[in-house]
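target11.txt follows (compact mmCIF, C-alpha atoms and all ligand atoms):
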```txt
# COMPACT_ATOMS: atom_id res chain seq x y z
CA MET G 872 0.00 0.00 0.00
CA LEU G 873 1.27 3.48 -0.90
CA THR G 874 0.75 6.47 1.35
CA PHE G 875 -1.43 9.21 -0.07
CA ASP G 876 1.56 11.56 -0.44
CA GLU G 877 3.64 8.91 -2.23
CA TYR G 878 0.94 8.28 -4.79
CA GLN G 879 0.12 11.96 -5.30
CA GLN G 880 3.83 12.69 -5.87
CA ARG G 881 4.00 9.82 -8.34
CA VAL G 882 1.02 11.18 -10.23
CA ILE G 883 2.44 14.71 -10.40
CA ALA G 884 5.88 13.45 -11.47
CA SER G 885 4.36 11.32 -14.25
CA VAL G 886 3.37 14.32 -16.40
CA GLY G 887 4.96 17.46 -17.83
CA PRO G 888 3.77 20.70 -19.40
CA LEU G 889 2.07 20.64 -22.81
CA PRO G 890 3.81 22.35 -25.76
CA ALA G 891 3.12 26.09 -25.88
CA GLN G 892 0.83 27.58 -28.53
CA ARG G 893 0.81 31.06 -30.06
CA ARG G 894 -2.63 32.59 -29.72
CA PRO G 895 -4.03 35.95 -30.86
CA THR G 896 -3.94 38.47 -28.04
CA ALA G 897 -7.34 39.73 -29.17
CA GLU G 898 -8.81 36.41 -27.97
CA VAL G 899 -7.69 37.19 -24.44
CA ALA G 900 -11.08 36.26 -23.00
CA ASP G 901 -10.41 32.65 -24.06
CA LEU G 902 -6.91 32.75 -22.65
CA LEU G 903 -7.84 33.57 -19.06
CA GLY G 904 -6.77 30.76 -16.75
CA MET G 905 -3.91 29.80 -19.07
CA VAL G 906 -0.25 30.31 -18.24
CA THR G 907 2.09 32.40 -20.39
CA ALA G 908 4.92 30.33 -21.85
CA GLU G 909 7.27 33.30 -22.23
CA SER G 910 7.44 36.90 -21.11
CA VAL G 911 5.39 39.53 -22.91
CA ARG G 912 7.29 42.72 -23.87
CA SER G 913 5.61 45.88 -24.98
CA ALA G 914 5.94 46.98 -28.60
CA VAL G 915 4.80 50.49 -27.75
CA ALA G 916 4.96 53.22 -25.13
CA LEU G 917 2.08 53.59 -22.69
CA PRO G 918 0.45 56.01 -22.58
CA GLY G 919 0.85 56.08 -26.35
CA PHE G 920 0.59 59.89 -26.42
CA THR G 921 0.81 62.62 -23.81
CA ASN G 922 -2.72 63.29 -22.60
CA SER G 923 -4.81 65.02 -20.01
CA ALA G 924 -5.54 63.41 -16.64
CA MET G 925 -8.44 65.80 -15.99
CA ASP G 926 -11.30 67.61 -17.64
CA GLY G 927 -10.07 71.20 -17.84
CA TYR G 928 -7.92 73.56 -19.89
CA ALA G 929 -4.57 72.78 -21.49
CA VAL G 930 -2.24 75.72 -20.80
CA VAL G 931 1.35 76.85 -20.53
CA ALA G 932 1.84 76.80 -16.76
CA ALA G 933 3.84 80.04 -16.89
CA ASP G 934 0.82 81.84 -18.42
CA VAL G 935 -1.33 81.18 -15.33
CA GLN G 936 1.40 81.60 -12.75
CA ARG G 937 -0.26 84.64 -11.14
CA ALA G 938 -3.86 83.38 -11.30
CA THR G 939 -5.76 83.44 -7.99
CA GLU G 940 -9.35 83.25 -6.85
CA GLU G 941 -9.43 87.08 -6.41
CA SER G 942 -7.56 87.95 -9.57
CA PRO G 943 -8.15 85.31 -12.24
CA VAL G 944 -6.17 85.17 -15.45
CA GLU G 945 -8.48 85.38 -18.46
CA MET G 946 -7.54 83.92 -21.82
CA PRO G 947 -9.12 82.89 -25.14
CA VAL G 948 -10.17 79.27 -25.65
CA ALA G 949 -8.88 77.96 -29.00
CA GLY G 950 -11.44 75.14 -29.08
CA ASP G 951 -12.34 71.75 -27.62
CA ILE G 952 -10.22 68.60 -27.56
CA PRO G 953 -12.49 65.67 -26.71
CA ALA G 954 -11.18 62.16 -25.96
CA GLY G 955 -10.52 60.40 -29.25
CA ASP G 956 -9.55 63.59 -31.10
CA THR G 957 -6.87 62.52 -33.57
CA ARG G 958 -5.84 65.99 -34.76
CA GLN G 959 -2.28 67.21 -34.14
CA LEU G 960 -3.01 70.48 -32.32
CA GLU G 961 -0.84 73.29 -31.13
CA LEU G 962 -1.21 75.77 -28.33
CA SER G 963 -0.32 79.40 -28.97
CA ALA G 964 1.12 81.27 -26.02
CA GLY G 965 -1.45 83.24 -24.07
CA SER G 966 -4.34 80.96 -25.03
CA CYS G 967 -5.66 77.56 -23.98
CA TRP G 968 -7.69 74.58 -25.23
CA ARG G 969 -10.64 73.11 -23.35
CA ILE G 970 -9.61 69.46 -22.96
CA MET G 971 -11.21 66.26 -21.67
CA THR G 972 -9.69 63.39 -19.69
CA GLY G 973 -7.68 61.12 -21.96
CA ALA G 974 -7.55 63.59 -24.86
CA PRO G 975 -4.14 64.33 -26.45
CA LEU G 976 -2.39 67.38 -25.08
CA PRO G 977 -1.75 70.02 -27.76
CA THR G 978 1.92 70.66 -28.55
CA GLY G 979 3.22 73.53 -26.46
CA ALA G 980 0.93 72.91 -23.47
CA ASP G 981 2.66 71.69 -20.32
CA ALA G 982 -0.19 71.54 -17.79
CA VAL G 983 -3.93 71.16 -17.42
CA VAL G 984 -5.98 73.38 -15.13
CA GLN G 985 -8.87 71.32 -13.84
CA VAL G 986 -12.29 72.70 -14.74
CA GLU G 987 -13.14 73.26 -11.06
CA LEU G 988 -10.44 75.98 -10.92
CA THR G 989 -12.12 77.95 -13.76
CA ASP G 990 -15.42 79.51 -14.73
CA GLY G 991 -15.88 76.80 -17.39
CA GLY G 992 -15.94 79.31 -20.29
CA THR G 993 -15.98 78.12 -23.88
CA GLU G 994 -14.95 81.30 -25.79
CA ARG G 995 -12.89 82.83 -23.03
CA VAL G 996 -12.07 81.31 -19.69
CA GLN G 997 -11.15 82.67 -16.29
CA ILE G 998 -8.42 80.63 -14.60
CA ARG G 999 -8.63 81.02 -10.82
CA GLY G 1000 -5.54 79.17 -9.68
CA ALA G 1001 -1.92 78.60 -10.70
CA VAL G 1002 -0.61 75.16 -11.64
CA ASP G 1003 2.92 73.80 -11.95
CA ALA G 1004 4.21 72.49 -15.25
CA GLY G 1005 3.23 68.81 -15.52
CA THR G 1006 0.03 69.15 -13.50
CA ALA G 1007 -2.68 66.71 -14.66
CA VAL G 1008 -0.54 65.57 -17.59
CA ARG G 1009 0.07 61.88 -18.34
CA ARG G 1010 3.36 61.73 -20.26
CA GLN G 1011 3.81 59.37 -23.20
CA GLY G 1012 5.69 56.29 -21.95
CA GLU G 1013 5.53 57.16 -18.24
CA ASP G 1014 3.80 53.82 -17.58
CA VAL G 1015 5.49 51.43 -20.05
CA GLN G 1016 8.43 51.89 -22.44
CA PRO G 1017 8.83 49.89 -25.67
CA GLY G 1018 10.65 46.67 -24.79
CA ASP G 1019 9.52 46.65 -21.14
CA GLU G 1020 8.43 43.26 -19.82
CA VAL G 1021 4.77 43.65 -18.90
CA LEU G 1022 4.07 39.99 -18.02
CA ALA G 1023 6.60 37.41 -16.89
CA GLY G 1024 6.60 33.92 -18.38
CA GLY G 1025 4.61 31.59 -16.14
CA THR G 1026 1.88 34.16 -15.40
CA LEU G 1027 -1.57 32.65 -14.83
CA LEU G 1028 -3.70 35.00 -16.93
CA GLN G 1029 -6.37 36.80 -14.93
CA PRO G 1030 -8.79 39.61 -15.74
CA ARG G 1031 -6.35 42.17 -14.30
CA HIS G 1032 -3.82 41.29 -17.03
CA VAL G 1033 -6.28 42.07 -19.85
CA PRO G 1034 -5.75 45.86 -20.12
CA VAL G 1035 -1.98 45.71 -20.47
CA LEU G 1036 -2.08 42.68 -22.80
CA LEU G 1037 -4.48 44.39 -25.17
CA SER G 1038 -2.61 47.70 -25.08
CA VAL G 1039 1.01 46.79 -25.73
CA GLY G 1040 0.73 46.25 -29.48
CA VAL G 1041 1.52 42.54 -29.36
CA ASP G 1042 -0.55 40.45 -31.79
CA GLU G 1043 0.15 37.01 -30.37
CA ILE G 1044 1.27 35.54 -27.08
CA ALA G 1045 2.62 32.11 -26.22
CA VAL G 1046 0.49 30.19 -23.74
CA LEU G 1047 0.17 26.65 -22.50
CA PRO G 1048 -3.17 25.39 -23.79
CA ARG G 1049 -5.97 24.16 -21.56
CA PRO G 1050 -5.51 20.40 -21.26
CA ARG G 1051 -8.20 18.47 -23.15
CA VAL G 1052 -9.61 15.91 -20.74
CA ALA G 1053 -11.52 12.87 -21.98
CA VAL G 1054 -13.74 10.93 -19.59
CA VAL G 1055 -14.73 7.27 -19.86
CA SER G 1056 -17.21 5.62 -17.50
CA THR G 1057 -16.91 1.85 -17.32
CA GLY G 1058 -19.69 -0.37 -16.07
CA ASP G 1059 -22.30 -2.64 -17.66
CA GLU G 1060 -24.79 -1.47 -15.04
CA LEU G 1061 -24.74 2.10 -16.34
CA VAL G 1062 -27.44 3.80 -18.38
CA SER G 1063 -27.19 7.24 -19.93
CA PRO G 1064 -28.84 10.12 -18.10
CA GLY G 1065 -32.47 10.42 -19.20
CA GLU G 1066 -32.80 6.71 -20.11
CA PRO G 1067 -35.11 4.36 -18.14
CA VAL G 1068 -33.32 2.64 -15.26
CA ALA G 1069 -34.11 -1.08 -14.88
CA HIS G 1070 -33.59 -3.16 -11.76
CA GLY G 1071 -29.82 -3.58 -11.32
CA GLN G 1072 -28.95 -0.52 -13.36
CA VAL G 1073 -27.74 2.92 -12.27
CA VAL G 1074 -27.45 6.24 -14.06
CA ASP G 1075 -23.96 7.08 -15.28
CA SER G 1076 -23.37 10.04 -13.01
CA ASN G 1077 -19.57 9.86 -12.92
CA GLY G 1078 -19.11 10.72 -16.57
CA PRO G 1079 -21.03 14.00 -16.38
CA MET G 1080 -19.63 14.76 -12.90
CA LEU G 1081 -16.01 14.27 -14.00
CA GLY G 1082 -16.65 16.36 -17.10
CA ALA G 1083 -18.13 19.09 -14.91
CA LEU G 1084 -15.17 18.93 -12.53
CA ALA G 1085 -12.75 19.21 -15.45
CA ARG G 1086 -14.51 22.31 -16.74
CA GLU G 1087 -14.80 23.81 -13.26
CA CYS G 1088 -11.06 23.30 -12.73
CA GLY G 1089 -10.30 25.19 -15.95
CA PHE G 1090 -9.65 22.32 -18.37
CA GLU G 1091 -11.32 21.54 -21.67
CA VAL G 1092 -13.56 18.52 -21.96
CA ALA G 1093 -12.63 16.59 -25.10
CA GLU G 1094 -15.35 13.98 -24.74
CA VAL G 1095 -17.40 12.10 -22.15
CA ARG G 1096 -18.29 8.55 -23.12
CA ARG G 1097 -19.19 5.14 -21.73
CA ALA G 1098 -17.54 1.77 -22.24
CA GLY G 1099 -18.86 -1.61 -21.16
CA ASP G 1100 -17.15 -3.97 -18.76
CA THR G 1101 -14.86 -5.73 -21.22
CA ALA G 1102 -11.14 -5.28 -21.71
CA GLU G 1103 -11.74 -4.88 -25.43
CA ALA G 1104 -14.28 -2.07 -24.98
CA VAL G 1105 -12.06 0.01 -22.72
CA ARG G 1106 -8.94 -0.58 -24.82
CA GLN G 1107 -10.81 0.56 -27.89
CA ALA G 1108 -12.25 3.65 -26.18
CA LEU G 1109 -8.90 4.66 -24.73
CA SER G 1110 -6.93 4.23 -27.94
CA GLU G 1111 -9.47 6.35 -29.81
CA LEU G 1112 -9.50 9.08 -27.18
CA ALA G 1113 -5.70 9.09 -26.90
CA GLN G 1114 -5.61 10.58 -30.41
CA THR G 1115 -7.29 13.81 -29.36
CA ALA G 1116 -7.11 14.09 -25.57
CA ASP G 1117 -4.17 15.30 -23.49
CA LEU G 1118 -5.34 13.30 -20.49
CA ILE G 1119 -7.89 10.51 -20.03
CA VAL G 1120 -9.76 9.79 -16.84
CA THR G 1121 -11.74 6.61 -16.39
CA SER G 1122 -14.12 5.61 -13.63
CA GLY G 1123 -14.74 2.13 -12.34
CA GLY G 1124 -13.21 -1.22 -13.05
CA VAL G 1125 -10.09 -0.91 -10.90
CA SER G 1126 -11.03 -2.76 -7.71
CA ALA G 1127 -11.09 -6.38 -6.66
CA GLY G 1128 -14.20 -7.71 -8.41
CA ALA G 1129 -14.27 -10.44 -11.01
CA PHE G 1130 -15.07 -8.13 -13.97
CA GLU G 1131 -12.85 -5.10 -13.62
CA PRO G 1132 -12.29 -4.00 -17.21
CA MET G 1133 -9.50 -1.49 -16.61
CA LYS G 1134 -7.50 -4.12 -14.77
CA LEU G 1135 -8.29 -6.80 -17.33
CA ALA G 1136 -7.22 -4.49 -20.14
CA PHE G 1137 -4.04 -3.01 -18.70
CA GLU G 1138 -2.86 -5.11 -15.78
CA ASP G 1139 -0.18 -6.75 -17.92
CA SER G 1140 0.82 -3.55 -19.70
CA ASP G 1141 4.30 -2.12 -19.09
CA HIS G 1142 2.69 1.30 -19.26
CA PHE G 1143 0.21 0.81 -16.43
CA GLU G 1144 0.14 0.07 -12.76
CA PHE G 1145 -2.70 -0.57 -10.36
CA VAL G 1146 -2.05 0.35 -6.77
CA LYS G 1147 -3.69 0.57 -3.39
CA VAL G 1148 -3.42 3.94 -1.70
CA ALA G 1149 -3.83 4.32 2.05
CA MET G 1150 -6.74 6.73 1.80
CA GLN G 1151 -10.49 6.80 2.24
CA PRO G 1152 -12.26 7.04 -0.09
CA GLY G 1153 -10.25 6.19 -3.20
CA LYS G 1154 -8.10 3.21 -2.23
CA PRO G 1155 -7.80 1.45 -5.63
CA GLN G 1156 -6.15 3.62 -8.30
CA GLY G 1157 -4.66 3.02 -11.71
CA ILE G 1158 -2.13 5.15 -13.57
CA GLY G 1159 -0.59 4.69 -16.96
CA THR G 1160 -0.42 5.83 -20.55
CA VAL G 1161 -2.11 4.80 -23.77
CA ALA G 1162 -0.23 5.84 -26.91
CA GLY G 1163 1.67 8.30 -24.72
CA THR G 1164 -1.45 9.97 -23.32
CA PRO G 1165 -1.66 9.90 -19.52
CA VAL G 1166 -4.55 7.85 -18.14
CA PHE G 1167 -5.89 8.02 -14.60
CA ALA G 1168 -8.15 5.13 -13.68
CA LEU G 1169 -10.36 6.11 -10.75
CA PRO G 1170 -12.60 3.90 -8.65
CA GLY G 1171 -16.27 3.94 -9.64
CA ASN G 1172 -18.04 4.96 -6.49
CA PRO G 1173 -19.07 8.56 -7.16
CA VAL G 1174 -17.54 9.93 -3.97
CA SER G 1175 -14.27 8.08 -4.66
CA SER G 1176 -14.28 9.36 -8.22
CA LEU G 1177 -14.78 12.96 -7.15
CA VAL G 1178 -12.12 12.82 -4.42
CA SER G 1179 -9.66 11.06 -6.74
CA PHE G 1180 -10.24 13.64 -9.46
CA LEU G 1181 -9.54 16.55 -7.13
CA LEU G 1182 -6.49 14.97 -5.50
CA PHE G 1183 -4.82 13.29 -8.48
CA VAL G 1184 -6.32 14.21 -11.86
CA ALA G 1185 -6.67 17.95 -11.29
CA PRO G 1186 -3.07 18.35 -10.01
CA ALA G 1187 -1.78 16.34 -13.00
CA ALA G 1188 -3.82 18.41 -15.45
CA ARG G 1189 -2.53 21.59 -13.81
CA VAL G 1190 1.01 20.37 -14.49
CA LEU G 1191 0.06 19.92 -18.17
CA ALA G 1192 -1.26 23.49 -18.10
CA GLY G 1193 1.92 24.84 -16.49
CA ARG G 1194 0.01 25.68 -13.32
CA ASP G 1195 0.78 24.93 -9.68
CA PRO G 1196 -0.42 21.38 -8.99
CA ALA G 1197 -1.02 21.99 -5.28
CA VAL G 1198 -4.56 21.38 -4.05
CA PRO G 1199 -5.71 24.54 -2.22
CA THR G 1200 -6.67 24.03 1.42
CA VAL G 1201 -7.79 26.18 4.33
CA GLU G 1202 -7.66 25.54 8.08
CA ALA G 1203 -10.78 24.73 10.06
CA ALA G 1204 -11.59 23.65 13.59
CA VAL G 1205 -13.67 20.54 14.26
CA ALA G 1206 -17.14 21.15 15.78
CA GLU G 1207 -18.30 17.53 16.10
CA ARG G 1208 -16.33 14.31 16.54
CA TRP G 1209 -16.10 11.58 13.95
CA THR G 1210 -14.03 8.48 13.36
CA SER G 1211 -11.51 7.68 10.68
CA PRO G 1212 -10.18 4.26 9.61
CA PRO G 1213 -6.77 3.33 11.04
CA GLY G 1214 -3.82 3.62 8.67
CA ARG G 1215 -5.70 5.53 5.97
CA GLN G 1216 -5.73 9.24 5.26
CA GLN G 1217 -9.37 10.24 5.26
CA PHE G 1218 -10.99 12.88 3.10
CA ALA G 1219 -14.18 13.39 5.06
CA ARG G 1220 -17.15 15.26 3.64
CA VAL G 1221 -17.91 18.16 5.91
CA VAL G 1222 -19.97 21.32 6.08
CA PHE G 1223 -18.80 24.66 7.39
CA ASP G 1224 -20.48 26.25 10.40
CA GLU G 1225 -21.73 29.80 9.94
CA ASP G 1226 -18.40 31.53 10.43
CA GLY G 1227 -16.73 29.34 7.78
CA ARG G 1228 -13.86 28.29 10.02
CA VAL G 1229 -15.51 25.37 11.81
CA VAL G 1230 -16.51 22.08 10.21
CA ARG G 1231 -18.75 19.15 11.06
CA PRO G 1232 -19.18 15.83 9.24
CA ILE G 1233 -22.14 15.28 6.97
CA GLY G 1234 -24.03 12.14 6.03
CA GLY G 1235 -22.44 8.71 6.17
CA GLN G 1236 -18.89 8.55 4.92
CA GLY G 1237 -19.66 5.62 2.57
CA SER G 1238 -18.33 6.14 -0.95
CA HIS G 1239 -21.77 5.61 -2.47
CA VAL G 1240 -23.62 8.24 -0.39
CA LEU G 1241 -24.76 10.71 -3.03
CA GLY G 1242 -26.98 12.83 -0.79
CA GLY G 1243 -24.11 13.47 1.62
CA LEU G 1244 -21.86 14.34 -1.29
CA ALA G 1245 -24.28 16.94 -2.60
CA GLY G 1246 -24.68 18.49 0.85
CA SER G 1247 -20.96 18.68 1.59
CA GLN G 1248 -18.97 21.88 1.28
CA ALA G 1249 -15.45 20.63 1.82
CA LEU G 1250 -13.22 17.61 2.32
CA ALA G 1251 -11.50 17.53 5.69
CA ILE G 1252 -8.07 15.88 5.59
CA VAL G 1253 -7.61 13.46 8.47
CA PRO G 1254 -4.04 12.13 8.84
CA ALA G 1255 -3.60 8.36 8.46
CA ALA G 1256 -2.63 7.91 12.12
CA THR G 1257 -5.79 9.58 13.44
CA THR G 1258 -8.71 7.27 14.24
CA GLU G 1259 -10.85 9.75 16.12
CA VAL G 1260 -11.26 13.37 15.13
CA ALA G 1261 -11.84 15.36 18.30
CA VAL G 1262 -13.83 18.54 18.85
CA GLY G 1263 -11.58 21.62 18.77
CA GLU G 1264 -8.86 19.95 16.71
CA THR G 1265 -7.60 21.90 13.68
CA LEU G 1266 -7.61 20.25 10.27
CA ARG G 1267 -6.79 21.32 6.75
CA VAL G 1268 -9.83 21.19 4.49
CA ILE G 1269 -10.31 21.36 0.74
CA PRO G 1270 -13.22 23.66 -0.15
CA LEU G 1271 -15.48 22.15 -2.83
CA GLU G 1272 -16.68 25.48 -4.15
CA GLY G 1273 -14.66 27.73 -6.43
CA LEU G 1274 -12.33 25.01 -7.68
CA ALA G 1275 -10.92 27.01 -10.60
P1 LIG Z 1 -16.53 -0.15 -9.63
O1 LIG Z 1 -15.42 0.75 -9.21
O2 LIG Z 1 -16.62 -0.29 -11.11
O3 LIG Z 1 -16.46 -1.45 -8.92
O4 LIG Z 1 -17.88 0.57 -9.17
C1 LIG Z 1 -18.11 0.79 -7.79
C2 LIG Z 1 -19.52 1.30 -7.58
O5 LIG Z 1 -19.67 2.54 -8.23
C3 LIG Z 1 -20.62 0.42 -8.11
O6 LIG Z 1 -21.69 0.48 -7.21
C4 LIG Z 1 -20.97 1.06 -9.41
O7 LIG Z 1 -22.28 0.79 -9.82
C5 LIG Z 1 -20.78 2.51 -9.12
N1 LIG Z 1 -20.43 3.22 -10.33
C6 LIG Z 1 -19.42 2.91 -11.17
N2 LIG Z 1 -19.36 3.74 -12.20
C7 LIG Z 1 -20.37 4.62 -12.03
C8 LIG Z 1 -20.82 5.75 -12.76
N3 LIG Z 1 -20.22 6.11 -13.90
N4 LIG Z 1 -21.88 6.43 -12.30
C9 LIG Z 1 -22.47 6.06 -11.15
N5 LIG Z 1 -22.09 5.02 -10.41
C10 LIG Z 1 -21.05 4.31 -10.83
MG MG Z 2 -17.61 -1.47 -12.35
```
Please rewrite the model in this file as structure tokens.
Amino acid sequence: MLTFDEYQQRVIASVGPLPAQRRPTAEVADLLGMVTAESVRSAVALPGFTNSAMDGYAVVAADVQRATEESPVEMPVAGDIPAGDTRQLELSAGSCWRIMTGAPLPTGADAVVQVELTDGGTERVQIRGAVDAGTAVRRQGEDVQPGDEVLAGGTLLQPRHVPVLLSVGVDEIAVLPRPRVAVVSTGDELVSPGEPVAHGQVVDSNGPMLGALARECGFEVAEVRRAGDTAEAVRQALSELAQTADLIVTSGGVSAGAFEPMKLAFEDSDHFEFVKVAMQPGKPQGIGTVAGTPVFALPGNPVSSLVSFLLFVAPAARVLAGRDPAVPTVEAAVAERWTSPPGRQQFARVVFDEDGRVVRPIGGQGSHVLGGLAGSQALAIVPAATTEVAVGETLRVIPLEGLA
């Protein structure tokens, strides 16, 4: 039996980052959640032109040096410069332009008097206060110079990166693509959602659940399909999916029964191993490759499948995506005792108390308990040596909401 940490390390070490792709920067909305493969350097200066930081009047600061509330300086207004004005304008000494925030400063102007310091005139204006040269002026290039690195390689693209990415005049950026995850549910007892369920049959809930988890974690779902309980059926499904998917996850058929198709198909393969991991749920696990594509064979009980996806498949897929594989956890105190099997690291379904820092167990901890799974908000991590989780103890927990 492997410890949980040993197996998780093995899973993470078994994969590497996908090859980078060049993608149009204009498609940045699709690129969020991806990691940059190299640094992004600006092709332009930002701001791209010297412009006004205020609504007001573009002036030569020296012309309004003596302006005060009591004795304003009056001058002619040459015209308006709204934002988006593409004219090349000049300022003649002794006059001003009325200018809006973001509009290009006319040549010759060195400051903007904010409108609140004036009478707001359009033909002539009274300036009621002096300003220093540079006041309310955003200089070309004061933010970014051509050639400056605006994003380091390895940046996980977030909404806050969008403005700079779209402004630096770079048509394409190199990113690691979202891993394409294919899902295969094994089991002759399974029927597709929406189909009638006969005695002895169950709805294939793992396929859709694993697909949903993959999407929620920021991966692409290549395909979700079912395969029956024969070695031939799963071999066939996996070799087809290996052509298009970056990672395949299967559910079921890895435990100790007489008809375990994943084991029957791959037990003798040099590219596969089936192991027992000292954890609950999720003890039987399979890991391997088909035509070079990583395959993670998860146990079929829905709770085991979900826990195994979050602890093994998601970290591996994050490695493919160039992201940090670590599973995010928070600390919580225990509000109600429960027991944990000796020698196995437990991932107990829990709910948070009102303040969000205290947890209590929910439902039975059986791997088939779907109601308890739906009601749970987090997985509390109970160390293998612990058999009784006591009130007041502090545990690390994996929140089940906001997995991306
Ligand atoms: P297995 O790991 O194949 O032995 O399956 C363990 C349990 O999980 C059995 O009760 C199966 O019926 C159930 N199970 C397996 N696959 C699925 C699935 N895709 N959806 C729902 N239940 C499943
Ligand atoms: Mg089965």
Task: Contacts of ligand LIG 1 (chain Z), 7 Å or closer, all atoms listed in the file, given as a PyMOL selection string - done: chain G and resi 1056-1058+1060-1061+1073-1078+1122-1126+1128+1131+1170-1173+1239
Task: Between atom CA of Met872 of chain G and atom CA of Ile1158 of chain G, distance in Å (one decimal) - done: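 Pair atom CA of Met872 of chain G / atom CA of Ile1158 of chain G returns 14.7 Å.
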Open item on the list: Counting all atoms listed in the file, which residue out of G:Val1068, G:Ala964, G:Val1120, G:Ala1192 sits closest to Pro888 of chain G?
Closed with: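 When distances to Pro888 of chain G are compared using all atoms listed in the file, the smallest one comes from G:Ala1192.
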Open item on the list: Report as a VMD selection string all protein, DNA and RNA residues lying within 8 Å of Arg894 of chain G, evaluated on all atoms listed in the file, omitting residues in the same chain fewer than 5 positions from it.
Closed with: chain G and resid 1043 to 1046
Task: Exercise: Leu1112 of chain G partners within 12 Å, only C-alpha atoms, chain neighbours under 6 positions left out, as a list of chain:residue names - done: G:Arg1051, G:Val1052, G:Ala1053, G:Val1054, G:Val1055, G:Val1092, G:Ala1093, G:Glu1094, G:Val1095, G:Arg1096, G:Arg1097, G:Ala1098, G:Val1105, G:Arg1106, G:Leu1118, G:Ile1119, G:Val1120, G:Thr1121, G:Thr1160, G:Val1161, G:Ala1162, G:Gly1163, G:Thr1164, G:Pro1165, G:Val1166
- [ ] Within 10 Å of Met925 of chain G, counting all atoms listed in the file, which residues show up once you throw out same-chain ones fewer than 3 positions away? Write them as a list in words, please.
- [x]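 Contacts, with the query itself left out: Asn922, Tyr928, Ala929, Ile970, Met971, Thr972, Gly973, Ala974, Val983, Val984, Gln985, Val986, Thr1006, Ala1007, Val1008 and Arg1009 of chain G.
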TODO: List every protein, DNA or RNA residue that has an atom no more than 12 Å from (-13.4, 68.3, -31.7) in the file's coordinate frame, counting all atoms listed in the file, and report them as a list of chain:residue names.
DONE: G:Ala949, G:Gly950, G:Asp951, G:Ile952, G:Pro953, G:Ala954, G:Gly955, G:Asp956, G:Thr957, G:Arg958, G:Gln959, G:Leu960, G:Trp968, G:Arg969, G:Ile970, G:Met971, G:Ala974, G:Pro975
Open item on the list: Need to verify the contact set: Ser1140 of chain G, 12 Å, only C-alpha atoms, exclusion of same-chain residues closer than 2 positions in sequence. Can you return it as an MDAnalysis selection string?
Closed with: chainID G and resid 1106 1133:1138 1142:1145 1157:1162
Which centre and which edge lengths, in Å to one decimal, describe the axis-aligned box that holds all listed atoms of segment 902-913 of chain G after 8 Å is added on each side, as AutoDock Vina command-line options?
```
--center_x -0.2 --center_y 37.8 --center_z -20.9 --size_x 31.3 --size_y 32.1 --size_z 24.2
```
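Put simply, atom CA of Ser1175 of chain G is 11.9 Å away from atom CA of Leu1250 of chain G.
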Task: Separation of atom CA of Tyr878 of chain G from atom CA of Phe1183 of chain G, in Å and rounded to one decimal - done: 8.5 Å
Task: Counting only C-alpha atoms and all ligand atoms, the residue of G:Pro1132, G:Gly1082, G:Gly1227, G:Gly1193 that sits nearest ligand MG 2 (chain Z) - done: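 With only C-alpha atoms and all ligand atoms as the atom set, the closest residue is G:Pro1132.
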Which residues come within 7 Å of Ala916 of chain G, counting all atoms listed in the file, excluding same-chain residues fewer than 5 positions away, as a PDB file with C-alpha atoms, in the frame of the given file?
```pdb
ATOM      1  CA  GLN G1011       3.810  59.370 -23.200  1.00  0.00           C
ATOM      2  CA  GLY G1012       5.690  56.290 -21.950  1.00  0.00           C
ATOM      3  CA  VAL G1015       5.490  51.430 -20.050  1.00  0.00           C
ATOM      4  CA  GLN G1016       8.430  51.890 -22.440  1.00  0.00           C
ATOM      5  CA  PRO G1017       8.830  49.890 -25.670  1.00  0.00           C
TER       6      PRO G1017
END
```
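The shortest atom-to-atom distance to Leu1181 of chain G, with all atoms listed in the file taken into account, belongs to G:Leu1271 out of G:Val1021, G:Val906, G:Leu889, G:Leu1271.
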TODO: Go through G:Pro1048, G:Pro1079, G:Gly979, G:Gly991 one by one, measure the shortest atom-to-atom distance of each to Ala933 of chain G using all atoms listed in the file, and give the residue with the smallest value.
DONE: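 Among the listed residues, G:Gly979 lies closest to Ala933 of chain G.
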TODO: Counting only C-alpha atoms and all ligand atoms, figure out which residue out of G:Ile998, G:Val1230, G:Ala1102, G:Ala914 gets nearest to ligand MG 2 (chain Z).
DONE: G:Ala1102
